[in-house]
$ cat query_37.cif   # mmCIF, C-alpha atoms, pLDDT in the B column; chains and numbers go by the auth columns
data_model
#
loop_
_atom_site.group_PDB
_atom_site.id
_atom_site.type_symbol
_atom_site.label_atom_id
_atom_site.label_comp_id
_atom_site.label_asym_id
_atom_site.label_seq_id
_atom_site.Cartn_x
_atom_site.Cartn_y
_atom_site.Cartn_z
_atom_site.B_iso_or_equiv
_atom_site.auth_seq_id
_atom_site.auth_asym_id
ATOM 1 C CA LYS A 1 47.808 -2.411 -34.591 83.00 1 A
ATOM 2 C CA ALA A 2 45.031 -5.001 -34.266 83.00 2 A
ATOM 3 C CA TYR A 3 46.783 -6.505 -31.248 83.00 3 A
ATOM 4 C CA GLY A 4 47.062 -3.061 -29.650 82.00 4 A
ATOM 5 C CA GLU A 5 43.342 -2.383 -30.177 82.00 5 A
ATOM 6 C CA LYS A 6 42.413 -5.756 -28.707 82.00 6 A
ATOM 7 C CA THR A 7 44.668 -5.171 -25.692 86.00 7 A
ATOM 8 C CA LYS A 8 43.047 -1.775 -25.168 81.00 8 A
ATOM 9 C CA LEU A 9 39.565 -3.322 -25.175 79.00 9 A
ATOM 10 C CA ILE A 10 40.659 -6.043 -22.733 81.00 10 A
ATOM 11 C CA ASN A 11 42.114 -3.415 -20.381 79.00 11 A
ATOM 12 C CA ILE A 12 38.855 -1.454 -20.505 75.00 12 A
ATOM 13 C CA GLU A 13 36.898 -4.589 -19.604 78.00 13 A
ATOM 14 C CA ILE A 14 39.302 -5.424 -16.764 80.00 14 A
ATOM 15 C CA ASN A 15 39.020 -1.876 -15.423 79.00 15 A
ATOM 16 C CA LYS A 16 35.219 -2.106 -15.592 78.00 16 A
ATOM 17 C CA LYS A 17 35.270 -5.369 -13.603 80.00 17 A
ATOM 18 C CA VAL A 18 37.595 -3.865 -10.987 80.00 18 A
ATOM 19 C CA ILE A 19 35.259 -0.869 -10.568 80.00 19 A
ATOM 20 C CA ALA A 20 32.276 -3.225 -10.306 80.00 20 A
ATOM 21 C CA LEU A 21 33.907 -5.417 -7.646 82.00 21 A
ATOM 22 C CA SER A 22 35.063 -2.377 -5.688 83.00 22 A
ATOM 23 C CA GLY A 23 31.545 -0.945 -5.860 82.00 23 A
ATOM 24 C CA LEU A 24 29.974 -4.198 -4.667 83.00 24 A
ATOM 25 C CA LEU A 25 32.369 -4.299 -1.709 85.00 25 A
ATOM 26 C CA GLN A 26 31.449 -0.727 -0.752 85.00 26 A
ATOM 27 C CA ILE A 27 27.732 -1.521 -1.131 86.00 27 A
ATOM 28 C CA GLY A 28 28.126 -4.537 1.147 84.00 28 A
ATOM 29 C CA ASN A 29 29.743 -2.340 3.776 84.00 29 A
ATOM 30 C CA LEU A 30 26.930 0.225 3.515 82.00 30 A
ATOM 31 C CA ILE A 31 24.247 -2.437 3.936 83.00 31 A
ATOM 32 C CA SER A 32 25.988 -4.123 6.876 79.00 32 A
ATOM 33 C CA SER A 33 26.408 -0.775 8.646 77.00 33 A
ATOM 34 C CA SER A 34 22.623 -0.181 8.345 73.00 34 A
ATOM 35 C CA LYS A 35 23.014 3.187 6.641 77.00 35 A
ATOM 36 C CA GLU A 36 19.926 5.089 5.534 87.00 36 A
ATOM 37 C CA LEU A 37 18.269 3.236 2.626 90.00 37 A
ATOM 38 C CA ALA A 38 17.958 6.294 0.348 90.00 38 A
ATOM 39 C CA GLY A 39 21.696 6.991 0.569 90.00 39 A
ATOM 40 C CA THR A 40 22.577 3.347 -0.118 91.00 40 A
ATOM 41 C CA LEU A 41 20.293 3.213 -3.166 92.00 41 A
ATOM 42 C CA ASP A 42 21.748 6.460 -4.552 93.00 42 A
ATOM 43 C CA PHE A 43 25.251 5.027 -4.165 91.00 43 A
ATOM 44 C CA ILE A 44 24.308 1.799 -5.977 92.00 44 A
ATOM 45 C CA ILE A 45 22.639 3.649 -8.854 93.00 45 A
ATOM 46 C CA GLN A 46 25.687 5.914 -9.265 91.00 46 A
ATOM 47 C CA LYS A 47 28.011 2.876 -9.356 89.00 47 A
ATOM 48 C CA VAL A 48 25.858 1.132 -11.986 90.00 48 A
ATOM 49 C CA SER A 49 25.916 4.285 -14.114 89.00 49 A
ATOM 50 C CA ASP A 50 29.717 4.533 -13.817 86.00 50 A
ATOM 51 C CA ILE A 51 30.162 0.928 -14.956 85.00 51 A
ATOM 52 C CA GLU A 52 27.746 1.379 -17.858 84.00 52 A
ATOM 53 C CA ASN A 53 29.662 4.327 -19.328 81.00 53 A
ATOM 54 C CA ASN A 54 27.450 6.911 -17.616 78.00 54 A
ATOM 55 C CA SER A 55 24.261 5.432 -19.035 87.00 55 A
ATOM 56 C CA MET A 56 20.870 6.496 -17.722 91.00 56 A
ATOM 57 C CA THR A 57 20.210 4.462 -14.574 92.00 57 A
ATOM 58 C CA LEU A 58 16.925 4.297 -12.729 91.00 58 A
ATOM 59 C CA LEU A 59 15.497 2.428 -9.770 93.00 59 A
ATOM 60 C CA VAL A 60 11.740 2.194 -9.330 91.00 60 A
ATOM 61 C CA LEU A 61 10.102 0.648 -6.255 93.00 61 A
ATOM 62 C CA MET A 62 6.486 -0.381 -5.816 90.00 62 A
ATOM 63 C CA ASP A 63 4.160 1.129 -3.240 87.00 63 A
ATOM 64 C CA GLU A 64 2.333 -1.709 -1.468 81.00 64 A
ATOM 65 C CA GLU A 65 -0.964 0.150 -1.185 81.00 65 A
ATOM 66 C CA SER A 66 -1.337 1.732 -4.631 83.00 66 A
ATOM 67 C CA LYS A 67 0.677 -0.973 -6.464 84.00 67 A
ATOM 68 C CA GLU A 68 2.299 1.848 -8.439 88.00 68 A
ATOM 69 C CA TYR A 69 6.008 2.159 -9.137 89.00 69 A
ATOM 70 C CA SER A 70 7.759 5.421 -8.363 88.00 70 A
ATOM 71 C CA VAL A 71 11.369 6.577 -8.728 87.00 71 A
ATOM 72 C CA ALA A 72 13.520 5.758 -5.705 90.00 72 A
ATOM 73 C CA SER A 73 16.805 6.859 -7.263 91.00 73 A
ATOM 74 C CA SER A 74 18.164 7.898 -10.667 90.00 74 A
ATOM 75 C CA CYS A 75 21.302 9.027 -12.467 90.00 75 A
ATOM 76 C CA ASN A 76 21.757 10.898 -15.762 87.00 76 A
ATOM 77 C CA LEU A 77 18.019 11.268 -16.331 81.00 77 A
ATOM 78 C CA GLU A 78 16.395 14.626 -17.013 76.00 78 A
ATOM 79 C CA GLU A 79 14.414 15.942 -14.049 68.00 79 A
ATOM 80 C CA GLY A 80 11.462 16.689 -16.349 66.00 80 A
ATOM 81 C CA LYS A 81 11.082 12.999 -17.152 69.00 81 A
ATOM 82 C CA LEU A 82 11.011 12.111 -13.464 68.00 82 A
ATOM 83 C CA SER A 83 8.517 14.746 -12.352 66.00 83 A
ATOM 84 C CA GLY A 84 5.485 12.905 -10.980 67.00 84 A
ATOM 85 C CA LEU A 85 6.451 9.714 -12.826 76.00 85 A
ATOM 86 C CA LYS A 86 4.159 6.894 -11.695 80.00 86 A
ATOM 87 C CA LEU A 87 4.224 3.496 -13.366 84.00 87 A
ATOM 88 C CA ARG A 88 1.774 0.624 -13.208 83.00 88 A
ATOM 89 C CA GLN A 89 2.615 -3.022 -13.847 82.00 89 A
ATOM 90 C CA SER A 90 1.545 -2.645 -17.503 80.00 90 A
ATOM 91 C CA ASP A 91 4.094 0.174 -17.942 81.00 91 A
ATOM 92 C CA MET A 92 7.002 -2.017 -16.866 83.00 92 A
ATOM 93 C CA ALA A 93 7.316 -3.809 -20.227 84.00 93 A
ATOM 94 C CA PRO A 94 10.621 -2.829 -21.926 80.00 94 A
ATOM 95 C CA ASP A 95 9.016 -1.162 -24.974 84.00 95 A
ATOM 96 C CA SER A 96 6.556 0.838 -22.864 86.00 96 A
ATOM 97 C CA LEU A 97 9.249 1.860 -20.371 84.00 97 A
ATOM 98 C CA ALA A 98 11.666 2.894 -23.135 86.00 98 A
ATOM 99 C CA LYS A 99 8.971 5.072 -24.700 85.00 99 A
ATOM 100 C CA LYS A 100 8.112 6.778 -21.407 83.00 100 A
ATOM 101 C CA LEU A 101 11.773 7.501 -20.678 84.00 101 A
ATOM 102 C CA GLY A 102 12.684 8.446 -24.256 85.00 102 A
ATOM 103 C CA LEU A 103 15.361 5.769 -24.675 88.00 103 A
ATOM 104 C CA LYS A 104 16.361 3.611 -27.646 90.00 104 A
ATOM 105 C CA ASN A 105 18.002 0.812 -25.661 92.00 105 A
ATOM 106 C CA ILE A 106 16.889 -0.467 -22.284 91.00 106 A
ATOM 107 C CA VAL A 107 17.401 -3.388 -19.947 93.00 107 A
ATOM 108 C CA GLY A 108 15.563 -4.042 -16.679 92.00 108 A
ATOM 109 C CA MET A 109 16.426 -6.335 -13.769 93.00 109 A
ATOM 110 C CA PRO A 110 13.776 -7.194 -11.138 92.00 110 A
ATOM 111 C CA VAL A 111 14.286 -6.229 -7.510 94.00 111 A
ATOM 112 C CA THR A 112 12.678 -8.597 -5.011 91.00 112 A
ATOM 113 C CA ALA A 113 11.778 -8.517 -1.327 88.00 113 A
ATOM 114 C CA ALA A 114 10.479 -11.523 0.619 83.00 114 A
ATOM 115 C CA GLY A 115 10.362 -13.491 -2.621 85.00 115 A
ATOM 116 C CA LYS A 116 8.122 -10.966 -4.414 89.00 116 A
ATOM 117 C CA ILE A 117 9.029 -8.431 -7.100 90.00 117 A
ATOM 118 C CA CYS A 118 9.007 -4.980 -5.508 91.00 118 A
ATOM 119 C CA GLY A 119 10.847 -2.920 -8.094 92.00 119 A
ATOM 120 C CA MET A 120 13.170 -2.784 -11.063 93.00 120 A
ATOM 121 C CA LEU A 121 16.698 -1.637 -11.840 94.00 121 A
ATOM 122 C CA VAL A 122 16.649 0.003 -15.285 93.00 122 A
ATOM 123 C CA VAL A 123 19.633 0.942 -17.442 93.00 123 A
ATOM 124 C CA GLY A 124 19.337 2.580 -20.845 92.00 124 A
ATOM 125 C CA ASN A 125 20.934 4.790 -23.490 91.00 125 A
ATOM 126 C CA ASN A 126 20.309 6.299 -26.925 90.00 126 A
ATOM 127 C CA GLU A 127 23.284 4.816 -28.771 90.00 127 A
ATOM 128 C CA ASN A 128 22.757 3.491 -32.301 91.00 128 A
ATOM 129 C CA ASP A 129 23.180 -0.224 -33.051 88.00 129 A
ATOM 130 C CA PHE A 130 23.713 -0.998 -29.375 89.00 130 A
ATOM 131 C CA ILE A 131 23.125 -4.337 -27.654 89.00 131 A
ATOM 132 C CA PHE A 132 23.623 -5.091 -23.957 89.00 132 A
ATOM 133 C CA ALA A 133 26.164 -7.918 -23.685 87.00 133 A
ATOM 134 C CA ASP A 134 25.334 -11.033 -21.658 89.00 134 A
ATOM 135 C CA ASP A 135 28.102 -10.349 -19.123 86.00 135 A
ATOM 136 C CA GLU A 136 26.696 -6.829 -18.621 87.00 136 A
ATOM 137 C CA LYS A 137 23.275 -8.281 -17.881 90.00 137 A
ATOM 138 C CA GLU A 138 24.773 -10.741 -15.410 90.00 138 A
ATOM 139 C CA LEU A 139 26.578 -7.895 -13.647 89.00 139 A
ATOM 140 C CA LEU A 140 23.356 -5.871 -13.475 91.00 140 A
ATOM 141 C CA LYS A 141 21.643 -8.902 -11.907 92.00 141 A
ATOM 142 C CA VAL A 142 24.237 -8.816 -9.118 91.00 142 A
ATOM 143 C CA PHE A 143 23.585 -5.112 -8.484 92.00 143 A
ATOM 144 C CA ALA A 144 19.821 -5.738 -8.532 93.00 144 A
ATOM 145 C CA LYS A 145 20.374 -8.447 -5.905 93.00 145 A
ATOM 146 C CA GLN A 146 22.317 -5.983 -3.761 92.00 146 A
ATOM 147 C CA ILE A 147 19.398 -3.556 -4.012 93.00 147 A
ATOM 148 C CA SER A 148 17.047 -6.379 -2.944 93.00 148 A
ATOM 149 C CA ILE A 149 19.232 -7.078 0.097 92.00 149 A
ATOM 150 C CA ALA A 150 19.324 -3.364 0.999 92.00 150 A
ATOM 151 C CA VAL A 151 15.506 -3.068 0.740 92.00 151 A
ATOM 152 C CA GLU A 152 14.903 -6.218 2.784 91.00 152 A
ATOM 153 C CA ASN A 153 17.453 -5.128 5.389 89.00 153 A
ATOM 154 C CA ASP A 154 15.723 -1.755 5.748 90.00 154 A
ATOM 155 C CA THR A 155 12.342 -3.483 6.126 88.00 155 A
ATOM 156 C CA LEU A 156 13.705 -5.776 8.850 87.00 156 A
ATOM 157 C CA ILE A 157 15.269 -2.861 10.746 86.00 157 A
ATOM 158 C CA ARG A 158 11.996 -0.892 10.693 84.00 158 A
ATOM 159 C CA ARG A 159 10.080 -4.024 11.670 82.00 159 A
ATOM 160 C CA SER A 160 12.388 -4.710 14.627 82.00 160 A
ATOM 161 C CA LYS A 161 11.910 -1.121 15.840 79.00 161 A
ATOM 162 C CA GLU A 162 8.138 -1.554 15.678 75.00 162 A
ATOM 163 C CA LEU A 163 8.327 -4.873 17.542 75.00 163 A
ATOM 164 C CA ALA A 164 10.298 -3.195 20.301 83.00 164 A
ATOM 165 C CA ILE A 165 7.238 -1.124 21.228 87.00 165 A
ATOM 166 C CA LYS A 166 4.335 -3.104 19.739 85.00 166 A
ATOM 167 C CA ASP A 167 2.786 -6.513 20.278 83.00 167 A
ATOM 168 C CA ASP A 168 3.393 -8.683 17.204 79.00 168 A
ATOM 169 C CA VAL A 169 -0.094 -10.254 17.214 81.00 169 A
ATOM 170 C CA THR A 170 -2.401 -7.316 17.971 81.00 170 A
ATOM 171 C CA GLY A 171 -0.260 -4.395 16.779 84.00 171 A
ATOM 172 C CA LEU A 172 -0.996 -2.641 20.089 86.00 172 A
ATOM 173 C CA TYR A 173 1.658 -0.928 22.187 89.00 173 A
ATOM 174 C CA ASN A 174 3.271 -3.306 24.679 88.00 174 A
ATOM 175 C CA TYR A 175 3.609 -2.997 28.471 87.00 175 A
ATOM 176 C CA ASN A 176 7.141 -1.525 28.453 84.00 176 A
ATOM 177 C CA TYR A 177 6.163 1.202 25.997 87.00 177 A
ATOM 178 C CA MET A 178 2.982 2.041 27.918 88.00 178 A
ATOM 179 C CA LYS A 179 4.923 2.210 31.183 88.00 179 A
ATOM 180 C CA SER A 180 7.525 4.625 29.797 86.00 180 A
ATOM 181 C CA ARG A 181 4.888 6.779 28.088 87.00 181 A
ATOM 182 C CA MET A 182 2.818 6.972 31.274 90.00 182 A
ATOM 183 C CA ALA A 183 5.882 8.160 33.191 89.00 183 A
ATOM 184 C CA GLU A 184 6.468 10.845 30.534 89.00 184 A
ATOM 185 C CA GLU A 185 2.856 12.028 30.691 90.00 185 A
ATOM 186 C CA ILE A 186 2.910 12.248 34.502 91.00 186 A
ATOM 187 C CA LYS A 187 6.079 14.378 34.355 91.00 187 A
ATOM 188 C CA ARG A 188 4.510 16.574 31.669 89.00 188 A
ATOM 189 C CA ALA A 189 1.370 17.001 33.783 90.00 189 A
ATOM 190 C CA LEU A 190 3.500 18.088 36.761 91.00 190 A
ATOM 191 C CA VAL A 191 5.476 20.588 34.700 89.00 191 A
ATOM 192 C CA TYR A 192 2.426 22.209 33.092 87.00 192 A
ATOM 193 C CA GLN A 193 0.207 21.783 36.181 90.00 193 A
ATOM 194 C CA ARG A 194 -2.580 20.024 34.329 89.00 194 A
ATOM 195 C CA PRO A 195 -4.650 16.861 35.002 89.00 195 A
ATOM 196 C CA CYS A 196 -3.423 13.488 33.801 87.00 196 A
ATOM 197 C CA GLY A 197 -5.732 10.516 33.357 86.00 197 A
ATOM 198 C CA TYR A 198 -5.291 6.837 32.622 84.00 198 A
ATOM 199 C CA LEU A 199 -8.143 4.681 31.352 86.00 199 A
ATOM 200 C CA MET A 200 -8.276 0.897 31.742 85.00 200 A
ATOM 201 C CA VAL A 201 -10.938 -1.087 29.912 86.00 201 A
ATOM 202 C CA ASP A 202 -12.168 -4.538 30.821 86.00 202 A
ATOM 203 C CA VAL A 203 -13.618 -6.338 27.783 86.00 203 A
ATOM 204 C CA ASP A 204 -16.254 -8.972 28.564 91.00 204 A
ATOM 205 C CA GLY A 205 -15.571 -12.357 26.994 90.00 205 A
ATOM 206 C CA PHE A 206 -12.149 -11.271 25.741 86.00 206 A
ATOM 207 C CA LYS A 207 -10.607 -14.635 26.605 86.00 207 A
ATOM 208 C CA ASP A 208 -13.130 -16.426 24.373 90.00 208 A
ATOM 209 C CA TYR A 209 -12.521 -13.863 21.620 86.00 209 A
ATOM 210 C CA THR A 210 -8.761 -14.436 21.641 83.00 210 A
ATOM 211 C CA ALA A 211 -9.263 -18.214 21.694 87.00 211 A
ATOM 212 C CA ASN A 212 -11.567 -18.107 18.645 89.00 212 A
ATOM 213 C CA TYR A 213 -9.767 -15.451 16.613 84.00 213 A
#

$ encode --input "query_37.cif" --output "structure tokens"
Amino acid sequence: KAYGEKTKLINIEINKKVIALSGLLQIGNLISSSKELAGTLDFIIQKVSDIENNSMTLLVLMDEESKEYSVASSCNLEEGKLSGLKLRQSDMAPDSLAKKLGLKNIVGMPVTAAGKICGMLVVGNNENDFIFADDEKELLKVFAKQISIAVENDTLIRRSKELAIKDDVTGLYNYNYMKSRMAEEIKRALVYQRPCGYLMVDVDGFKDYTANY
């Protein structure tokens, strides 16, 4: 009987690892195909929840301007707890976060972008006498890394799109963009029979300004 119970537990663990590896493979495919970030994050959070026996799973990402964390994706968490949830750095401590989310047990893994922490993957439940095993934490670290890759990939894609129409140094629209936009405006002016103007400005001492700054 003891052998049968042990075999059952081993099979459960093996099945969990298979699901995890399958999920990571699917996540890798999503990231490499440059799918929409929100969809990729939702998929990752769902997979983490599945592996953790449908535990509450939450991903919070930081807004660069306000430095506040907001929910980017969640699974098995009551909508009322998410409504308008904004977290500051001081709220990210495990005890504080567990209290805000109404959870007994919680574990958080940092999500990074460009070497800086930009969010956190949070998993929790309300089971009694529960402890997250070390191998579970290691697995969650891998998923947190996948989230980091997805976030960085999305940032690079958006950045490359901006660079296609903007000058990297000044942030101003480049020649190719201006040329295409001018052609569009001339066509629009012809269609609607309205004037179309183009203003060029010569800045005195601009060469010295660029040299100094």

$ atom_distance --input "query_37.cif" --atom1 "atom CA of Asp50 of chain A" --atom2 "atom CA of Asn76 of chain A"
10.4 Å

$ residues_around --input "query_37.cif" --residues "segment 165-168 of chain A" --least-positions-apart "4" --cutoff "12 Å" --atoms "only C-alpha atoms" --output "ChimeraX atom specification"
/A:158-161,172-181

$ residues_near_point --input "query_37.cif" --point "(6.9, 0.8, -5.6)" --cutoff "12 Å" --atoms "all atoms listed in the file" --output "PDB file with C-alpha atoms, in the coordinates of the input"
ATOM      1  CA  LEU A  59      15.497   2.428  -9.770  1.00 93.00           C
ATOM      2  CA  VAL A  60      11.740   2.194  -9.330  1.00 91.00           C
ATOM      3  CA  LEU A  61      10.102   0.648  -6.255  1.00 93.00           C
ATOM      4  CA  MET A  62       6.486  -0.381  -5.816  1.00 90.00           C
ATOM      5  CA  ASP A  63       4.160   1.129  -3.240  1.00 87.00           C
ATOM      6  CA  GLU A  64       2.333  -1.709  -1.468  1.00 81.00           C
ATOM      7  CA  GLU A  65      -0.964   0.150  -1.185  1.00 81.00           C
ATOM      8  CA  SER A  66      -1.337   1.732  -4.631  1.00 83.00           C
ATOM      9  CA  LYS A  67       0.677  -0.973  -6.464  1.00 84.00           C
ATOM     10  CA  GLU A  68       2.299   1.848  -8.439  1.00 88.00           C
ATOM     11  CA  TYR A  69       6.008   2.159  -9.137  1.00 89.00           C
ATOM     12  CA  SER A  70       7.759   5.421  -8.363  1.00 88.00           C
ATOM     13  CA  VAL A  71      11.369   6.577  -8.728  1.00 87.00           C
ATOM     14  CA  ALA A  72      13.520   5.758  -5.705  1.00 90.00           C
ATOM     15  CA  SER A  73      16.805   6.859  -7.263  1.00 91.00           C
ATOM     16  CA  LEU A  85       6.451   9.714 -12.826  1.00 76.00           C
ATOM     17  CA  LYS A  86       4.159   6.894 -11.695  1.00 80.00           C
ATOM     18  CA  LEU A  87       4.224   3.496 -13.366  1.00 84.00           C
ATOM     19  CA  ARG A  88       1.774   0.624 -13.208  1.00 83.00           C
ATOM     20  CA  GLN A  89       2.615  -3.022 -13.847  1.00 82.00           C
ATOM     21  CA  MET A  92       7.002  -2.017 -16.866  1.00 83.00           C
ATOM     22  CA  PRO A 110      13.776  -7.194 -11.138  1.00 92.00           C
ATOM     23  CA  VAL A 111      14.286  -6.229  -7.510  1.00 94.00           C
ATOM     24  CA  THR A 112      12.678  -8.597  -5.011  1.00 91.00           C
ATOM     25  CA  ALA A 113      11.778  -8.517  -1.327  1.00 88.00           C
ATOM     26  CA  LYS A 116       8.122 -10.966  -4.414  1.00 89.00           C
ATOM     27  CA  ILE A 117       9.029  -8.431  -7.100  1.00 90.00           C
ATOM     28  CA  CYS A 118       9.007  -4.980  -5.508  1.00 91.00           C
ATOM     29  CA  GLY A 119      10.847  -2.920  -8.094  1.00 92.00           C
ATOM     30  CA  MET A 120      13.170  -2.784 -11.063  1.00 93.00           C
ATOM     31  CA  LEU A 121      16.698  -1.637 -11.840  1.00 94.00           C
ATOM     32  CA  VAL A 151      15.506  -3.068   0.740  1.00 92.00           C
TER      33      VAL A 151
END

$ atom_distance --input "query_37.cif" --atom1 "atom CA of Ile51 of chain A" --atom2 "atom CA of Ala20 of chain A"
6.6 Å

$ resolve_selection --input "query_37.cif" --expression "the PyMOL selection byres ((chain A and resi 144) around 7)" --output "list in words"
Met109, Pro110, Val111, Leu121, Leu140, Lys141, Val142, Phe143, Lys145, Gln146, Ile147 and Ser148 of chain A

$ resolve_selection --input "query_37.cif" --expression "the PyMOL selection byres ((chain A and resi 53) around 12)" --output "ChimeraX atom specification"
/A:12-13,15-16,19,46-52,54-57,75-76,123-125,127,136

$ axis_aligned_box --input "query_37.cif" --around "segment 149-163 of chain A" --padding-each-side "6 Å" --output "lines of an AutoDock Vina configuration file"
center_x = 13.7
center_y = -4.0
center_z = 8.8
size_x = 23.2
size_y = 18.2
size_z = 29.4

$ closest_residue --input "query_37.cif" --among "A:Ala93, A:Gln193, A:Thr170, A:Asn153" --to "Tyr213 of chain A" --atoms "all atoms listed in the file"
A:Thr170

$ atom_distance --input "query_37.cif" --atom1 "atom CA of Glu162 of chain A" --atom2 "atom CA of Glu185 of chain A"
20.9 Å

$ residues_around --input "query_37.cif" --residues "Gly28 of chain A" --least-positions-apart "6" --cutoff "10 Å" --atoms "only C-alpha atoms" --output "PDB file with C-alpha atoms, in the frame of the given file"
ATOM      1  CA  SER A  22      35.063  -2.377  -5.688  1.00 83.00           C
ATOM      2  CA  THR A  40      22.577   3.347  -0.118  1.00 91.00           C
ATOM      3  CA  GLN A 146      22.317  -5.983  -3.761  1.00 92.00           C
ATOM      4  CA  ILE A 149      19.232  -7.078   0.097  1.00 92.00           C
ATOM      5  CA  ALA A 150      19.324  -3.364   0.999  1.00 92.00           C
TER       6      ALA A 150
END

$ resolve_selection --input "query_37.cif" --expression "the PyMOL selection byres ((chain A and resi 197-200) around 9)" --output "PDB file with C-alpha atoms, in the coordinates of the input"
ATOM      1  CA  MET A 182       2.818   6.972  31.274  1.00 90.00           C
ATOM      2  CA  ILE A 186       2.910  12.248  34.502  1.00 91.00           C
ATOM      3  CA  PRO A 195      -4.650  16.861  35.002  1.00 89.00           C
ATOM      4  CA  CYS A 196      -3.423  13.488  33.801  1.00 87.00           C
ATOM      5  CA  VAL A 201     -10.938  -1.087  29.912  1.00 86.00           C
ATOM      6  CA  ASP A 202     -12.168  -4.538  30.821  1.00 86.00           C
TER       7      ASP A 202
END
